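For reference, entry-v4.txt (compact mmCIF, C-alpha atoms and all ligand atoms):
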```
# COMPACT_ATOMS: atom_id res chain seq x y z
CA MET A 1 -11.73 65.28 63.70
CA PRO A 2 -11.72 67.64 60.72
CA ILE A 3 -8.62 69.82 60.34
CA LYS A 4 -10.71 72.94 59.81
CA THR A 5 -14.36 73.53 60.59
CA ILE A 6 -16.18 74.46 57.40
CA ARG A 7 -19.91 75.18 57.77
CA SER A 8 -20.48 77.69 55.01
CA ARG A 9 -18.68 79.33 52.13
CA ALA A 10 -17.58 82.09 54.50
CA ASP A 11 -15.23 79.54 56.12
CA LEU A 12 -13.43 78.92 52.84
CA ALA A 13 -9.99 80.24 51.92
CA ILE A 14 -11.40 81.54 48.62
CA ASN A 15 -13.42 83.93 50.79
CA GLY A 16 -10.50 85.06 52.93
CA ALA A 17 -10.45 82.41 55.70
CA PRO A 18 -7.11 80.73 56.50
CA PRO A 19 -6.44 77.64 54.36
CA ALA A 20 -7.20 74.23 55.85
CA PHE A 21 -3.65 72.91 55.30
CA ASP A 22 -0.31 74.68 55.88
CA GLN A 23 1.42 72.39 53.39
CA PRO A 24 0.06 71.26 50.02
CA VAL A 25 -1.87 68.00 50.14
CA HIS A 26 -1.13 66.27 46.85
CA VAL A 27 -2.85 63.69 44.72
CA GLY A 28 -0.01 61.28 44.11
CA ARG A 29 2.07 61.71 47.26
CA PRO A 30 4.33 58.63 47.18
CA ASN A 31 3.56 55.69 49.47
CA ILE A 32 6.94 54.71 50.88
CA GLY A 33 7.43 51.42 52.70
CA ASP A 34 9.82 50.45 55.52
CA ARG A 35 12.73 52.89 55.29
CA ASP A 36 15.18 50.63 57.19
CA ALA A 37 14.43 47.68 54.93
CA PHE A 38 14.98 49.92 51.90
CA LEU A 39 18.29 51.26 53.22
CA LEU A 40 19.50 47.71 53.94
CA ARG A 41 18.81 46.87 50.31
CA ILE A 42 20.65 49.99 49.16
CA ASN A 43 23.71 48.97 51.18
CA LYS A 44 23.53 45.55 49.59
CA ILE A 45 23.52 47.15 46.13
CA LEU A 46 26.54 49.27 47.01
CA ASP A 47 28.37 46.24 48.43
CA ASN A 48 27.54 44.23 45.30
CA GLN A 49 28.81 47.00 43.03
CA TRP A 50 26.09 45.99 40.60
CA LEU A 51 23.90 48.98 39.89
CA THR A 52 21.94 48.12 36.76
CA ASN A 53 21.76 45.74 33.75
CA ASN A 54 19.57 42.94 35.07
CA GLY A 55 21.14 42.88 38.53
CA PRO A 56 20.12 40.55 41.38
CA MET A 57 17.66 43.04 42.86
CA VAL A 58 15.83 43.43 39.52
CA GLN A 59 15.72 39.66 39.06
CA GLU A 60 14.27 39.20 42.56
CA PHE A 61 11.78 41.99 41.88
CA GLU A 62 10.63 40.39 38.61
CA GLN A 63 10.19 37.01 40.27
CA ARG A 64 8.22 38.45 43.15
CA ILE A 65 5.96 40.53 40.91
CA ALA A 66 5.28 37.58 38.60
CA ALA A 67 4.43 35.35 41.58
CA HIS A 68 2.31 38.10 43.15
CA LEU A 69 0.27 38.51 39.95
CA GLY A 70 0.21 34.82 39.03
CA VAL A 71 1.76 35.42 35.62
CA LYS A 72 4.68 33.67 33.94
CA HIS A 73 6.85 36.64 33.00
CA CYS A 74 7.50 40.07 34.45
CA ILE A 75 9.90 42.23 32.47
CA ALA A 76 10.85 45.22 34.61
CA MET A 77 11.44 48.51 32.80
CA CYS A 78 12.64 52.03 33.56
CA ASN A 79 9.11 53.49 33.38
CA GLY A 80 5.61 52.70 32.17
CA THR A 81 5.90 54.74 28.97
CA ILE A 82 8.99 52.91 27.70
CA ALA A 83 7.33 49.65 28.77
CA LEU A 84 4.31 50.58 26.60
CA GLU A 85 6.56 51.47 23.67
CA ILE A 86 8.47 48.22 23.91
CA ALA A 87 5.31 46.12 24.26
CA ILE A 88 3.71 47.88 21.28
CA ARG A 89 6.79 47.23 19.15
CA ALA A 90 7.22 43.65 20.32
CA LEU A 91 3.60 42.93 19.45
CA GLY A 92 4.13 44.35 15.96
CA LEU A 93 1.36 46.93 16.15
CA GLU A 94 1.21 49.27 13.16
CA GLY A 95 -1.16 51.51 11.19
CA GLU A 96 -3.97 52.39 13.61
CA VAL A 97 -4.51 51.22 17.17
CA ILE A 98 -7.72 51.86 19.08
CA ILE A 99 -7.40 53.31 22.56
CA PRO A 100 -9.57 55.44 24.82
CA SER A 101 -9.01 59.18 24.75
CA TRP A 102 -9.82 59.02 28.46
CA THR A 103 -6.36 57.98 29.62
CA PHE A 104 -3.05 59.57 30.54
CA VAL A 105 -1.49 60.93 27.37
CA ALA A 106 1.37 58.38 27.58
CA THR A 107 -0.94 55.71 26.12
CA ALA A 108 -1.39 57.78 22.96
CA HIS A 109 2.19 59.05 22.84
CA ALA A 110 3.65 55.52 23.04
CA LEU A 111 1.92 54.80 19.72
CA TYR A 112 2.39 58.15 17.98
CA TRP A 113 6.10 58.21 18.92
CA GLN A 114 6.47 55.06 16.85
CA GLY A 115 4.57 56.28 13.79
CA ILE A 116 1.32 54.54 14.75
CA THR A 117 -1.97 56.47 14.77
CA PRO A 118 -3.92 56.27 18.03
CA VAL A 119 -7.63 56.17 17.20
CA PHE A 120 -9.82 57.24 20.10
CA ALA A 121 -12.93 55.29 21.01
CA ASP A 122 -15.52 56.53 23.49
CA ILE A 123 -16.00 55.24 27.02
CA ASP A 124 -18.78 53.88 29.15
CA PRO A 125 -19.92 56.84 31.29
CA VAL A 126 -20.38 54.63 34.35
CA THR A 127 -17.08 52.71 34.38
CA HIS A 128 -14.96 55.31 32.50
CA ASN A 129 -13.50 52.39 30.53
CA LEU A 130 -13.64 51.67 26.79
CA ASP A 131 -17.12 50.99 25.43
CA PRO A 132 -16.84 47.83 23.27
CA ASP A 133 -19.49 49.11 20.82
CA ALA A 134 -17.53 52.32 20.36
CA VAL A 135 -14.40 50.25 19.70
CA ARG A 136 -16.21 48.36 16.94
CA ARG A 137 -17.21 51.66 15.31
CA MET A 138 -13.58 52.78 15.05
CA ILE A 139 -12.20 49.66 13.29
CA THR A 140 -10.86 50.28 9.78
CA PRO A 141 -8.74 48.18 7.41
CA ARG A 142 -5.66 49.88 8.95
CA THR A 143 -6.47 48.81 12.50
CA SER A 144 -3.88 46.39 13.91
CA GLY A 145 -4.77 46.35 17.57
CA ILE A 146 -6.55 47.59 20.65
CA ILE A 147 -5.01 48.87 23.86
CA GLY A 148 -7.52 48.66 26.68
CA VAL A 149 -6.76 50.83 29.69
CA HIS A 150 -7.83 49.79 33.20
CA VAL A 151 -8.77 53.34 34.15
CA TRP A 152 -8.64 54.03 37.92
CA GLY A 153 -7.64 50.38 38.32
CA ARG A 154 -11.12 49.21 37.25
CA ALA A 155 -10.65 46.42 34.76
CA ALA A 156 -11.52 47.29 31.17
CA PRO A 157 -14.22 45.03 29.60
CA ILE A 158 -11.59 42.38 28.95
CA ASP A 159 -13.79 39.58 27.61
CA GLU A 160 -15.69 41.86 25.24
CA LEU A 161 -12.48 43.42 23.91
CA GLN A 162 -10.90 39.98 23.47
CA ALA A 163 -13.98 38.86 21.50
CA ILE A 164 -13.65 41.90 19.19
CA ALA A 165 -9.91 41.29 18.77
CA ASP A 166 -10.57 37.63 17.90
CA GLU A 167 -13.37 38.50 15.47
CA TYR A 168 -11.29 41.06 13.54
CA GLY A 169 -7.87 39.41 13.91
CA LEU A 170 -6.52 42.28 16.04
CA LYS A 171 -3.89 42.21 18.76
CA LEU A 172 -5.02 43.15 22.24
CA MET A 173 -2.89 44.47 25.07
CA PHE A 174 -3.66 46.46 28.19
CA ASP A 175 -2.33 49.60 29.79
CA ALA A 176 -2.50 48.53 33.42
CA ALA A 177 -0.67 51.61 34.74
CA HIS A 178 -3.39 52.14 37.38
CA ALA A 179 -4.15 48.50 38.04
CA PHE A 180 -1.47 47.07 40.27
CA GLY A 181 -3.50 45.17 42.87
CA SER A 182 -6.66 45.05 40.74
CA ALA A 183 -8.53 41.98 39.57
CA TYR A 184 -10.93 40.92 36.84
CA LYS A 185 -13.35 38.10 37.63
CA GLY A 186 -11.23 37.27 40.65
CA GLN A 187 -7.93 37.00 38.75
CA ALA A 188 -5.17 39.54 39.21
CA ILE A 189 -4.65 42.02 36.39
CA GLY A 190 -1.37 41.15 34.69
CA ARG A 191 -2.29 38.03 32.73
CA PHE A 192 -4.84 39.36 30.23
CA GLY A 193 -4.51 40.05 26.51
CA ALA A 194 -1.14 39.48 24.86
CA CYS A 195 0.49 41.47 27.66
CA GLU A 196 -0.22 44.09 30.28
CA VAL A 197 1.86 47.17 31.08
CA PHE A 198 2.24 48.59 34.59
CA SER A 199 3.57 51.93 35.75
CA PHE A 200 5.40 52.08 39.06
CA HIS A 201 5.79 55.86 38.97
CA ALA A 202 6.22 57.70 42.28
CA THR A 203 2.56 58.78 42.17
CA LYS A 204 1.12 55.27 41.82
CA SER A 205 -0.21 53.23 44.76
CA PHE A 206 2.87 51.04 44.37
CA ASN A 207 6.07 52.73 43.24
CA THR A 208 9.69 52.04 42.36
CA PHE A 209 10.53 55.81 42.22
CA GLU A 210 10.19 55.61 38.41
CA GLY A 211 9.52 52.23 36.87
CA GLY A 212 7.24 49.94 35.00
CA ALA A 213 6.89 46.39 33.79
CA VAL A 214 5.29 44.28 31.14
CA THR A 215 3.71 41.03 32.27
CA THR A 216 2.75 38.19 29.95
CA ASN A 217 2.26 34.45 29.72
CA ASP A 218 3.73 34.43 26.20
CA ASP A 219 7.33 33.09 26.25
CA GLU A 220 8.29 34.44 22.83
CA LEU A 221 6.92 37.90 23.50
CA ALA A 222 8.71 37.98 26.86
CA GLU A 223 11.98 37.01 25.24
CA ALA A 224 11.62 39.70 22.57
CA MET A 225 10.90 42.37 25.18
CA ARG A 226 13.88 41.32 27.32
CA LEU A 227 16.10 41.77 24.27
CA MET A 228 14.49 45.06 23.28
CA ARG A 229 14.94 46.66 26.71
CA ASN A 230 18.70 45.96 26.56
CA PHE A 231 19.67 47.10 23.03
CA GLY A 232 19.07 43.56 21.71
CA PHE A 233 22.15 42.15 23.46
CA VAL A 234 22.32 38.44 24.29
CA HIS A 235 25.93 38.45 25.34
CA TYR A 236 29.02 40.62 25.28
CA ASP A 237 29.30 42.05 21.77
CA LYS A 238 26.36 40.02 20.45
CA VAL A 239 23.24 41.90 19.33
CA ILE A 240 20.44 39.88 17.76
CA HIS A 241 17.52 42.30 17.89
CA PRO A 242 16.86 46.04 17.51
CA GLY A 243 16.47 47.56 20.93
CA THR A 244 16.62 50.50 23.26
CA ASN A 245 17.51 51.18 26.89
CA GLY A 246 14.45 50.26 28.93
CA LYS A 247 16.20 48.70 31.90
CA MET A 248 15.12 49.12 35.50
CA ILE A 249 18.01 49.99 37.83
CA GLU A 250 18.82 48.20 41.10
CA VAL A 251 17.82 51.10 43.35
CA CYS A 252 14.34 51.12 41.79
CA ALA A 253 14.00 47.37 42.28
CA ALA A 254 15.04 47.83 45.94
CA MET A 255 12.26 50.40 46.36
CA GLY A 256 9.84 48.03 44.62
CA LEU A 257 10.70 45.07 46.84
CA THR A 258 10.28 47.27 49.91
CA ASN A 259 7.01 48.77 48.76
CA LEU A 260 5.65 45.38 47.71
CA ASP A 261 5.89 44.31 51.35
CA GLY A 262 3.96 47.43 52.35
CA HIS A 263 1.37 47.48 49.58
CA ALA A 264 -1.39 45.65 51.50
CA ALA A 265 -1.21 48.34 54.20
CA VAL A 266 -1.44 51.06 51.53
CA VAL A 267 -4.52 49.44 50.01
CA ALA A 268 -6.16 49.03 53.43
CA ARG A 269 -5.62 52.72 54.19
CA ASN A 270 -6.81 53.78 50.73
CA CYS A 271 -10.01 51.78 51.19
CA LEU A 272 -10.70 53.45 54.54
CA ASN A 273 -10.10 56.91 53.06
CA HIS A 274 -12.24 56.11 50.03
CA ALA A 275 -15.10 54.92 52.23
CA ALA A 276 -14.74 58.01 54.46
CA TYR A 277 -15.01 60.33 51.44
CA ALA A 278 -18.03 58.40 50.13
CA ALA A 279 -19.79 58.52 53.51
CA ALA A 280 -19.06 62.23 54.01
CA LEU A 281 -20.46 63.10 50.58
CA ALA A 282 -23.34 60.60 50.50
CA ASP A 283 -26.03 63.18 51.25
CA VAL A 284 -24.63 65.98 49.10
CA SER A 285 -26.57 66.30 45.92
CA GLY A 286 -24.79 66.76 42.63
CA ILE A 287 -21.58 65.01 43.63
CA SER A 288 -20.75 61.31 43.78
CA VAL A 289 -17.66 59.30 44.60
CA LEU A 290 -16.97 56.77 41.87
CA PRO A 291 -17.53 53.38 43.54
CA TYR A 292 -15.30 50.36 43.04
CA ASP A 293 -16.76 46.91 42.46
CA THR A 294 -16.85 45.31 45.90
CA ALA A 295 -16.38 41.85 44.33
CA GLU A 296 -13.03 42.75 42.74
CA ASN A 297 -9.70 43.82 44.21
CA ASN A 298 -8.72 47.42 43.56
CA SER A 299 -6.07 49.54 45.30
CA HIS A 300 -8.67 52.34 45.72
CA HIS A 301 -5.80 54.69 44.95
CA TYR A 302 -7.89 57.11 42.90
CA VAL A 303 -10.72 58.90 44.68
CA VAL A 304 -12.68 60.17 41.70
CA VAL A 305 -15.64 62.45 42.26
CA GLU A 306 -18.05 63.42 39.56
CA ILE A 307 -20.24 66.48 39.75
CA ASP A 308 -23.45 67.11 37.83
CA ASP A 309 -25.65 70.06 37.00
CA THR A 310 -27.36 70.06 40.41
CA PHE A 311 -24.04 70.91 42.08
CA ALA A 312 -24.01 74.65 42.84
CA ALA A 313 -20.48 75.24 41.53
CA SER A 314 -18.72 74.33 38.33
CA ARG A 315 -16.01 71.69 38.39
CA ASP A 316 -13.35 74.36 37.94
CA GLU A 317 -14.80 76.51 40.74
CA LEU A 318 -14.61 73.48 43.02
CA ILE A 319 -10.97 72.90 42.03
CA THR A 320 -10.18 76.58 42.73
CA ALA A 321 -11.79 76.34 46.18
CA LEU A 322 -9.87 73.14 46.99
CA HIS A 323 -6.57 74.58 45.80
CA ALA A 324 -7.09 77.68 47.95
CA GLU A 325 -7.23 75.31 50.96
CA ASN A 326 -3.92 73.77 49.79
CA ILE A 327 -5.77 70.65 48.62
CA LEU A 328 -4.24 70.08 45.20
CA ALA A 329 -7.09 68.12 43.63
CA ARG A 330 -6.57 67.17 39.96
CA LYS A 331 -8.76 66.91 36.90
CA TYR A 332 -7.11 63.83 35.41
CA PHE A 333 -7.26 63.39 32.34
CA TRP A 334 -8.87 66.62 31.21
CA PRO A 335 -9.35 67.48 28.35
CA GLY A 336 -8.78 63.89 27.16
CA CYS A 337 -5.99 62.96 24.73
CA HIS A 338 -8.10 64.12 21.77
CA GLY A 339 -7.95 67.66 23.15
CA MET A 340 -4.15 67.65 23.41
CA LYS A 341 -1.50 68.23 20.79
CA PRO A 342 -0.75 66.64 18.41
CA TYR A 343 -4.04 64.71 18.52
CA ARG A 344 -6.39 67.68 18.34
CA ASP A 345 -4.71 68.65 15.05
CA LEU A 346 -4.83 65.08 13.80
CA PHE A 347 -8.54 64.68 14.63
CA PRO A 348 -10.04 68.20 14.89
CA HIS A 349 -13.60 66.86 15.19
CA ALA A 350 -12.87 63.87 17.44
CA GLU A 351 -15.30 65.13 20.06
CA LEU A 352 -18.20 64.21 17.77
CA MET A 353 -17.39 60.55 18.41
CA LEU A 354 -16.47 61.05 22.08
CA ALA A 355 -19.58 62.42 23.77
CA ASN A 356 -19.12 60.45 27.01
CA THR A 357 -15.41 61.29 27.20
CA GLU A 358 -16.18 65.00 26.79
CA ARG A 359 -18.87 64.87 29.48
CA ILE A 360 -16.71 63.00 31.99
CA ALA A 361 -13.65 65.17 31.26
CA ASN A 362 -15.59 68.25 32.35
CA ARG A 363 -17.08 66.74 35.51
CA ILE A 364 -14.25 64.90 37.22
CA VAL A 365 -12.16 65.82 40.24
CA VAL A 366 -9.55 63.46 41.69
CA LEU A 367 -9.00 63.88 45.45
CA PRO A 368 -5.90 63.06 47.52
CA ASN A 369 -5.45 59.58 49.00
CA GLY A 370 -2.67 57.36 50.36
CA ILE A 371 -0.84 56.63 53.59
CA THR A 372 0.50 60.18 53.92
CA LEU A 373 -2.91 61.81 54.01
CA PRO A 374 -3.10 63.62 57.40
CA GLU A 375 -5.71 62.47 59.90
CA GLY A 376 -8.99 64.37 59.46
CA SER A 377 -8.28 65.22 55.82
CA THR A 378 -11.17 63.34 54.27
CA GLU A 379 -13.74 65.14 56.44
CA THR A 380 -12.15 68.53 55.72
CA ILE A 381 -11.87 67.94 51.98
CA ALA A 382 -15.44 66.63 51.85
CA ALA A 383 -16.62 69.70 53.79
CA VAL A 384 -15.16 71.99 51.11
CA CYS A 385 -17.08 70.00 48.48
CA ARG A 386 -20.24 70.08 50.58
CA VAL A 387 -20.37 73.86 50.98
CA MET A 388 -19.37 74.46 47.36
CA GLY A 389 -22.23 72.20 46.28
CA LYS A 390 -24.91 74.05 48.24
CA ALA A 391 -26.82 76.83 46.52
CA GLN A 392 -25.94 80.16 48.09
CA ALA A 393 -28.72 81.95 49.98
N1 LIG B 1 -0.62 54.99 31.21
C1 LIG B 1 -1.40 55.54 32.15
C2 LIG B 1 -2.86 55.23 32.15
C3 LIG B 1 -0.84 56.36 33.14
O1 LIG B 1 -1.63 56.92 34.09
C4 LIG B 1 0.54 56.61 33.12
C5 LIG B 1 1.14 57.50 34.08
C6 LIG B 1 1.32 56.00 32.11
C7 LIG B 1 0.70 55.19 31.17
C8 LIG B 1 2.81 56.22 31.98
O2 LIG B 1 3.54 55.64 33.03
P1 LIG B 1 4.95 56.33 33.51
O3 LIG B 1 5.79 56.50 32.27
O4 LIG B 1 4.63 57.64 34.15
O5 LIG B 1 5.51 55.31 34.45
C9 LIG B 1 1.42 61.71 36.89
C10 LIG B 1 2.55 60.74 36.65
O6 LIG B 1 3.72 61.41 36.21
C11 LIG B 1 2.22 59.66 35.69
O7 LIG B 1 3.09 58.59 36.00
C12 LIG B 1 0.80 59.16 35.84
N2 LIG B 1 0.41 58.21 34.84
C13 LIG B 1 -0.18 60.31 35.79
C14 LIG B 1 -1.61 59.86 35.98
O8 LIG B 1 0.13 61.19 36.85
P2 LIG B 1 1.35 64.26 36.69
O9 LIG B 1 1.53 65.18 35.55
O10 LIG B 1 0.11 64.36 37.47
O11 LIG B 1 2.61 64.29 37.68
P3 LIG B 1 2.97 65.35 38.76
O12 LIG B 1 4.43 65.55 38.69
O13 LIG B 1 2.09 66.54 38.66
O14 LIG B 1 2.70 64.61 40.13
C15 LIG B 1 1.41 64.52 40.71
C16 LIG B 1 1.46 65.00 42.15
O15 LIG B 1 2.18 64.10 42.93
C17 LIG B 1 2.08 66.37 42.32
O16 LIG B 1 1.07 67.27 42.65
C18 LIG B 1 3.05 66.21 43.45
C19 LIG B 1 3.01 64.78 43.87
N3 LIG B 1 4.33 64.18 43.85
C20 LIG B 1 4.88 63.83 42.65
C21 LIG B 1 6.11 63.24 42.61
C22 LIG B 1 6.72 62.84 41.29
C23 LIG B 1 5.00 64.00 45.03
O17 LIG B 1 4.49 64.36 46.09
N4 LIG B 1 6.22 63.39 45.00
C24 LIG B 1 6.81 63.00 43.85
O18 LIG B 1 7.91 62.43 43.88
O19 LIG B 1 1.51 62.82 36.06
```

Would you write out, as structure tokens, the structure that this file holds?
Ligand code: T4K
Amino acid sequence: MPIKTIRSRADLAINGAPPAFDQPVHVGRPNIGDRDAFLLRINKILDNQWLTNNGPMVQEFEQRIAAHLGVKHCIAMCNGTIALEIAIRALGLEGEVIIPSWTFVATAHALYWQGITPVFADIDPVTHNLDPDAVRRMITPRTSGIIGVHVWGRAAPIDELQAIADEYGLKLMFDAAHAFGSAYKGQAIGRFGACEVFSFHATKSFNTFEGGAVTTNDDELAEAMRLMRNFGFVHYDKVIHPGTNGKMIEVCAAMGLTNLDGHAAVVARNCLNHAAYAAALADVSGISVLPYDTAENNSHHYVVVEIDDTFAASRDELITALHAENILARKYFWPGCHGMKPYRDLFPHAELMLANTERIANRIVVLPNGITLPEGSTETIAAVCRVMGKAQA
């Protein structure tokens, strides 16, 4: 049952009707697992009097994540951005690193923050992931590496990027912030490239409040990152490596262990919601729900709709109509990193090389999903899109 009956634009809040939802419906509402199990873990932490610095909960969390992803090492961190920074430094990236502009700005910032120039390559308009040919075009003598991003949890073209990295002697790592629970050719994301970096931010399908991790099969790299996240300490008073504070705290690991147990249920619900959106919008021209590859795992966390010129409203008009209903749809990652400071000053004409990124950035809307989405939401949200897409009489 829809929450509000919407047959025409007259039924919309932008035209004076009451909004569909009393409370805001967010993209990124946290999925929270079994509260009692979490609170038991919190009591254990308090009893232990061990709150951070590689405590037992973090160690258990790392072991469970590594086993879950089928990878040798999981190094838990305080958030995905610091995890990116540490991985970038541990890999020895320098000079220029090729990334998509179509990503959350943290991917670019993690490089720029360390004096490395992010060079933006264009994306494939169908998958929204890096286009390998565009990556080739951006290689210069200063290029030291490539960071592929698994945008929306859809695996980047891993084999093609690895072939380019091998051909040019570049390092390859992945920003897997969206890809917990995703797979590439049947294998869980987490084992590809030199390392992969996850975000477990509150808004992700799987969260540890704030948090992140680097996963890798490389023993040396793992060791370096463990040192780097803890100021380079190996023992009391003994520092053998430059480092920072990238540690995950026990409370976050407790949340992670709890949410790991509940993640399959989150994915199942996301898939149902995603399918419901797709079905409700199937016959509306000018709007399509980005499909996920049915042969690969994906958390279906991001419901991404793309509108084209046959849609009767602009993307921003659609967002305004949704927001008026208290549906806080987002336009991730508009305008693309190249349109944000400091990158638009660094590369004032970047859009000339980023035609697909520009096009996608102006056509995308991300809709709410997750286990907190109220019953009937998908039909109601789709109905707003439907009437906005119809030409007015
Ligand atoms: N690489 C990629 C590709 C990424 O997408 C990200 C993060 C990173 C790297 C960096 O990882 P972290 O350092 O963040 O671990 C959000 C998140 O802050 C960010 O983690 C995420 N990507 C990005 C895609 O989305 P915003 O600016 O949308 O956050 P915010 O505060 O507007 O939250 C989104 C919505 O979620 C809000 O409308 C309200 C709701 N919300 C949020 C929080 C925090 C809640 O209902 N409860 C909450 O606790 O960036």

At most 9 Å is the cut-off: for each residue in chain A with any atom that close to an atom of ligand LIG 1 (chain B), write down the nearest atom pair and the distance in Å rounded to one decimal, counting all atoms listed in the file, chain first then increasing number, as JSON lines.
```
{"residue": "A:Pro24", "atom": "CA", "partner": "B:LIG1", "partner_atom": "O16", "distance": 8.4}
{"residue": "A:Val25", "atom": "CA", "partner": "B:LIG1", "partner_atom": "O16", "distance": 8.1}
{"residue": "A:His26", "atom": "CA", "partner": "B:LIG1", "partner_atom": "O16", "distance": 4.8}
{"residue": "A:Val27", "atom": "CA", "partner": "B:LIG1", "partner_atom": "C16", "distance": 5.2}
{"residue": "A:Gly28", "atom": "CA", "partner": "B:LIG1", "partner_atom": "O15", "distance": 3.8}
{"residue": "A:Arg29", "atom": "CA", "partner": "B:LIG1", "partner_atom": "O17", "distance": 3.8}
{"residue": "A:Pro30", "atom": "CA", "partner": "B:LIG1", "partner_atom": "N4", "distance": 5.6}
{"residue": "A:Cys78", "atom": "CA", "partner": "B:LIG1", "partner_atom": "O5", "distance": 7.9}
{"residue": "A:Asn79", "atom": "CA", "partner": "B:LIG1", "partner_atom": "O5", "distance": 4.2}
{"residue": "A:Gly80", "atom": "CA", "partner": "B:LIG1", "partner_atom": "O5", "distance": 3.5}
{"residue": "A:Thr81", "atom": "CA", "partner": "B:LIG1", "partner_atom": "O3", "distance": 3.7}
{"residue": "A:Ile82", "atom": "CA", "partner": "B:LIG1", "partner_atom": "O3", "distance": 6.6}
{"residue": "A:Ala83", "atom": "CA", "partner": "B:LIG1", "partner_atom": "O3", "distance": 7.8}
{"residue": "A:Leu84", "atom": "CA", "partner": "B:LIG1", "partner_atom": "C7", "distance": 7.4}
{"residue": "A:Trp102", "atom": "CA", "partner": "B:LIG1", "partner_atom": "C2", "distance": 8.7}
{"residue": "A:Thr103", "atom": "CA", "partner": "B:LIG1", "partner_atom": "C2", "distance": 5.1}
{"residue": "A:Phe104", "atom": "CA", "partner": "B:LIG1", "partner_atom": "C2", "distance": 4.6}
{"residue": "A:Val105", "atom": "CA", "partner": "B:LIG1", "partner_atom": "N1", "distance": 7.1}
{"residue": "A:Ala106", "atom": "CA", "partner": "B:LIG1", "partner_atom": "C7", "distance": 4.8}
{"residue": "A:Thr107", "atom": "CA", "partner": "B:LIG1", "partner_atom": "N1", "distance": 5.2}
{"residue": "A:Ala108", "atom": "CA", "partner": "B:LIG1", "partner_atom": "N1", "distance": 8.7}
{"residue": "A:Ala110", "atom": "CA", "partner": "B:LIG1", "partner_atom": "C7", "distance": 8.7}
{"residue": "A:Val149", "atom": "CA", "partner": "B:LIG1", "partner_atom": "C2", "distance": 6.4}
{"residue": "A:His150", "atom": "CA", "partner": "B:LIG1", "partner_atom": "C2", "distance": 7.4}
{"residue": "A:Val151", "atom": "CA", "partner": "B:LIG1", "partner_atom": "C2", "distance": 6.5}
{"residue": "A:Trp152", "atom": "CA", "partner": "B:LIG1", "partner_atom": "C2", "distance": 8.3}
{"residue": "A:Asp175", "atom": "CA", "partner": "B:LIG1", "partner_atom": "N1", "distance": 5.8}
{"residue": "A:Ala176", "atom": "CA", "partner": "B:LIG1", "partner_atom": "C2", "distance": 6.8}
{"residue": "A:Ala177", "atom": "CA", "partner": "B:LIG1", "partner_atom": "C1", "distance": 4.8}
{"residue": "A:His178", "atom": "CA", "partner": "B:LIG1", "partner_atom": "O1", "distance": 6.1}
{"residue": "A:Val197", "atom": "CA", "partner": "B:LIG1", "partner_atom": "C7", "distance": 8.1}
{"residue": "A:Phe198", "atom": "CA", "partner": "B:LIG1", "partner_atom": "O2", "distance": 7.3}
{"residue": "A:Ser199", "atom": "CA", "partner": "B:LIG1", "partner_atom": "O5", "distance": 4.1}
{"residue": "A:Phe200", "atom": "CA", "partner": "B:LIG1", "partner_atom": "O5", "distance": 5.6}
{"residue": "A:His201", "atom": "CA", "partner": "B:LIG1", "partner_atom": "O5", "distance": 4.6}
{"residue": "A:Ala202", "atom": "CA", "partner": "B:LIG1", "partner_atom": "C22", "distance": 5.3}
{"residue": "A:Thr203", "atom": "CA", "partner": "B:LIG1", "partner_atom": "O15", "distance": 5.4}
{"residue": "A:Lys204", "atom": "CA", "partner": "B:LIG1", "partner_atom": "O7", "distance": 7.0}
{"residue": "A:Phe209", "atom": "CA", "partner": "B:LIG1", "partner_atom": "O18", "distance": 7.3}
{"residue": "A:Glu210", "atom": "CA", "partner": "B:LIG1", "partner_atom": "O5", "distance": 6.1}
{"residue": "A:Gly211", "atom": "CA", "partner": "B:LIG1", "partner_atom": "O5", "distance": 5.6}
{"residue": "A:Gly212", "atom": "CA", "partner": "B:LIG1", "partner_atom": "O5", "distance": 5.7}
{"residue": "A:Leu328", "atom": "CA", "partner": "B:LIG1", "partner_atom": "O16", "distance": 6.5}
{"residue": "A:Ala329", "atom": "CA", "partner": "B:LIG1", "partner_atom": "O16", "distance": 8.3}
{"residue": "A:Arg330", "atom": "CA", "partner": "B:LIG1", "partner_atom": "O10", "distance": 7.7}
{"residue": "A:Tyr332", "atom": "CA", "partner": "B:LIG1", "partner_atom": "C14", "distance": 6.8}
{"residue": "A:Phe333", "atom": "CA", "partner": "B:LIG1", "partner_atom": "C14", "distance": 7.6}
```

Original post:
Interatomic distance between CA of Ile240 (chain A) and CA of Glu60 (chain A)?
Top reply: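 Separation of CA of Ile240 (chain A) and CA of Glu60 (chain A): 25.6 Å.
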
**OP:** To one decimal in Å, tell me the separation between CA of Asp22 (chain A) and CA of Thr378 (chain A).
**Re:** 15.8 Å

Subject >> Nearest to Lys72 (chain A) by atom-to-atom distance, counting only C-alpha atoms, from A:Asp345, A:Glu375, A:Glu223, A:Asp308 >> reply: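 Using only C-alpha atoms, Lys72 (chain A) sits closest to A:Glu223.
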
**OP:** Please work out which residues fall within 12 Å of (-16.0, 50.1, 21.6), coordinates as given in the file, with only C-alpha atoms counting, and return them as JSON, numbers by chain.
**Re:** {"A": [98, 99, 100, 101, 119, 120, 121, 122, 123, 124, 129, 130, 131, 132, 133, 134, 135, 136, 137, 138, 139, 146, 147, 148, 156, 157, 158, 160, 161, 162, 163, 164, 165, 353, 354]}
